[in-house]
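Source file: input19.pdb; contents: PDB, C-alpha atoms.
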MODEL        1
ATOM      1  CA  MET A1181     -14.489 -32.039  -0.008  1.00  0.00           C
ATOM      2  CA  LYS A1182     -14.027 -30.400  -3.420  1.00  0.00           C
ATOM      3  CA  LYS A1183     -17.503 -28.864  -3.163  1.00  0.00           C
ATOM      4  CA  ASN A1184     -16.489 -27.167   0.096  1.00  0.00           C
ATOM      5  CA  MET A1185     -13.285 -25.891  -1.514  1.00  0.00           C
ATOM      6  CA  LEU A1186     -15.266 -24.391  -4.378  1.00  0.00           C
ATOM      7  CA  LEU A1187     -17.641 -22.663  -1.965  1.00  0.00           C
ATOM      8  CA  ILE A1188     -14.737 -21.218   0.044  1.00  0.00           C
ATOM      9  CA  THR A1189     -13.071 -19.969  -3.154  1.00  0.00           C
ATOM     10  CA  LEU A1190     -16.298 -18.326  -4.309  1.00  0.00           C
ATOM     11  CA  LEU A1191     -16.705 -16.742  -0.877  1.00  0.00           C
ATOM     12  CA  PHE A1192     -13.217 -15.184  -1.074  1.00  0.00           C
ATOM     13  CA  LEU A1193     -13.913 -13.897  -4.579  1.00  0.00           C
ATOM     14  CA  THR A1194     -17.243 -12.394  -3.493  1.00  0.00           C
ATOM     15  CA  ILE A1195     -15.676 -10.697  -0.475  1.00  0.00           C
ATOM     16  CA  GLY A1196     -12.936  -9.329  -2.711  1.00  0.00           C
ATOM     17  CA  ILE A1197     -15.461  -7.841  -5.129  1.00  0.00           C
ATOM     18  CA  PHE A1198     -17.480  -6.133  -2.397  1.00  0.00           C
ATOM     19  CA  ALA A1199     -14.380  -4.896  -0.548  1.00  0.00           C
ATOM     20  CA  TYR A1200     -12.810  -3.499  -3.720  1.00  0.00           C
ATOM     21  CA  ASP A1201     -13.803   0.103  -3.070  1.00  0.00           C
ATOM     22  CA  SER A1202     -13.531   0.126   0.713  1.00  0.00           C
ATOM     23  CA  GLU A1203     -11.167   2.446   2.563  1.00  0.00           C
ATOM     24  CA  VAL A1204      -9.486  -0.477   4.351  1.00  0.00           C
ATOM     25  CA  ASN A1205      -8.640  -2.184   1.068  1.00  0.00           C
ATOM     26  CA  LYS A1206      -7.083   0.995  -0.342  1.00  0.00           C
ATOM     27  CA  THR A1207      -4.915   1.452   2.754  1.00  0.00           C
ATOM     28  CA  ILE A1208      -3.614  -2.119   2.730  1.00  0.00           C
ATOM     29  CA  VAL A1209      -2.711  -2.008  -0.950  1.00  0.00           C
ATOM     30  CA  LYS A1210      -0.917   1.341  -0.581  1.00  0.00           C
ATOM     31  CA  ASN A1211       1.131   0.375   2.468  1.00  0.00           C
ATOM     32  CA  GLY A1212       2.763  -2.919   1.507  1.00  0.00           C
ATOM     33  CA  ILE A1213       2.325  -6.511   0.465  1.00  0.00           C
ATOM     34  CA  GLY A1214      -1.031  -8.192   0.773  1.00  0.00           C
ATOM     35  CA  LEU A1215      -2.197 -11.111   2.825  1.00  0.00           C
ATOM     36  CA  GLY A1216      -2.285 -13.365  -0.246  1.00  0.00           C
ATOM     37  CA  SER A1217       1.388 -12.707  -0.953  1.00  0.00           C
ATOM     38  CA  VAL A1218       2.392 -13.541   2.602  1.00  0.00           C
ATOM     39  CA  ILE A1219       0.394 -16.773   2.600  1.00  0.00           C
ATOM     40  CA  ALA A1220       1.799 -17.763  -0.809  1.00  0.00           C
ATOM     41  CA  VAL A1221       5.412 -17.156   0.283  1.00  0.00           C
ATOM     42  CA  VAL A1222       4.975 -19.153   3.497  1.00  0.00           C
ATOM     43  CA  ILE A1223       3.301 -22.059   1.688  1.00  0.00           C
ATOM     44  CA  SER A1224       5.936 -22.026  -1.050  1.00  0.00           C
ATOM     45  CA  TRP A1225       8.834 -21.968   1.407  1.00  0.00           C
ATOM     46  CA  ASP A1226       7.313 -24.785   3.458  1.00  0.00           C
ATOM     47  CA  ARG A1227       6.793 -26.928   0.372  1.00  0.00           C
ATOM     48  CA  ASN A1228       9.903 -26.131  -1.745  1.00  0.00           C
ATOM     49  CA  LYS A1229      12.548 -24.494   0.512  1.00  0.00           C
ATOM     50  CA  SER A1230      13.496 -22.214  -2.429  1.00  0.00           C
ATOM     51  CA  ILE A1231      13.800 -18.432  -2.222  1.00  0.00           C
ATOM     52  CA  LEU A1232      13.325 -17.989  -5.985  1.00  0.00           C
ATOM     53  CA  LEU A1233      10.104 -20.010  -6.016  1.00  0.00           C
ATOM     54  CA  ALA A1234       8.870 -18.192  -2.898  1.00  0.00           C
ATOM     55  CA  ILE A1235       9.373 -14.829  -4.652  1.00  0.00           C
ATOM     56  CA  ILE A1236       7.600 -16.027  -7.809  1.00  0.00           C
ATOM     57  CA  HIS A1237       4.715 -17.491  -5.812  1.00  0.00           C
ATOM     58  CA  GLY A1238       4.493 -14.282  -3.763  1.00  0.00           C
ATOM     59  CA  MET A1239       4.002 -12.345  -6.999  1.00  0.00           C
ATOM     60  CA  LEU A1240       1.276 -14.768  -8.070  1.00  0.00           C
ATOM     61  CA  SER A1241      -0.324 -14.313  -4.647  1.00  0.00           C
ATOM     62  CA  TRP A1242      -3.856 -15.766  -4.387  1.00  0.00           C
ATOM     63  CA  LEU A1243      -3.489 -17.742  -7.615  1.00  0.00           C
ATOM     64  CA  TYR A1244      -0.786 -19.866  -5.985  1.00  0.00           C
ATOM     65  CA  VAL A1245      -2.727 -20.164  -2.729  1.00  0.00           C
ATOM     66  CA  ILE A1246      -5.773 -21.501  -4.587  1.00  0.00           C
ATOM     67  CA  TYR A1247      -3.551 -23.809  -6.682  1.00  0.00           C
ATOM     68  CA  TYR A1248      -1.950 -25.180  -3.515  1.00  0.00           C
ATOM     69  CA  PHE A1249      -5.356 -25.660  -1.917  1.00  0.00           C
ATOM     70  CA  PHE A1250      -6.479 -27.931  -4.757  1.00  0.00           C
ATOM     71  CA  THR A1251      -3.195 -29.832  -5.255  1.00  0.00           C
ATOM     72  CA  ARG A1252      -1.980 -30.418  -1.707  1.00  0.00           C
ATOM     73  CA  GLU A1253      -1.635 -33.924  -0.376  1.00  0.00           C
ATOM     74  CA  ASP A1254      -3.872 -34.809   2.550  1.00  0.00           C
ATOM     75  CA  SER A1255      -1.879 -36.094   5.494  1.00  0.00           C
TER      76      SER A1255
ENDMDL
END

Before we go any further, please render this structure as structure tokens.
Amino acid sequence: MKKNMLLITLLFLTIGIFAYDSEVNKTIVKNGIGLGSVIAVVISWDRNKSILLAIIHGMLSWLYVIYYFFTREDS
């Protein structure tokens, strides 16, 4: 399971590196919040029900998403 998580994380990082100079990436960054911020805020709100933590986790963006991915409890 952890091996799959590592591969998915490396895949996201690789895609991010190759998409760094693309026109789509520039447009998304200029026009508002990113996908990572939205995912982080939703995860944080679902887990903590705190607006302050959701804002902080939204600023941390993908770092919090990856942290959550490795520390979540399997149900």

*Name every residue that the PyMOL selection byres ((chain A and resi 1239) around 10) selects in this structure, writing the answer as a PyMOL selection string with chains first and numbers rising.*
chain A and resi 1213+1216-1218+1220-1221+1233-1238+1240-1244

*asked:* Show me, as a PyMOL selection string, the residues that have an atom within 8 Å of Ile1223 of chain A when counting only C-alpha atoms, minus same-chain residues fewer than 4 positions from it.
replied: chain A and resi 1219+1227+1245

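Atom CA of Ile1246 of chain A to atom CA of Leu1215 of chain A spans 13.3 Å [interatomic distance, one decimal].
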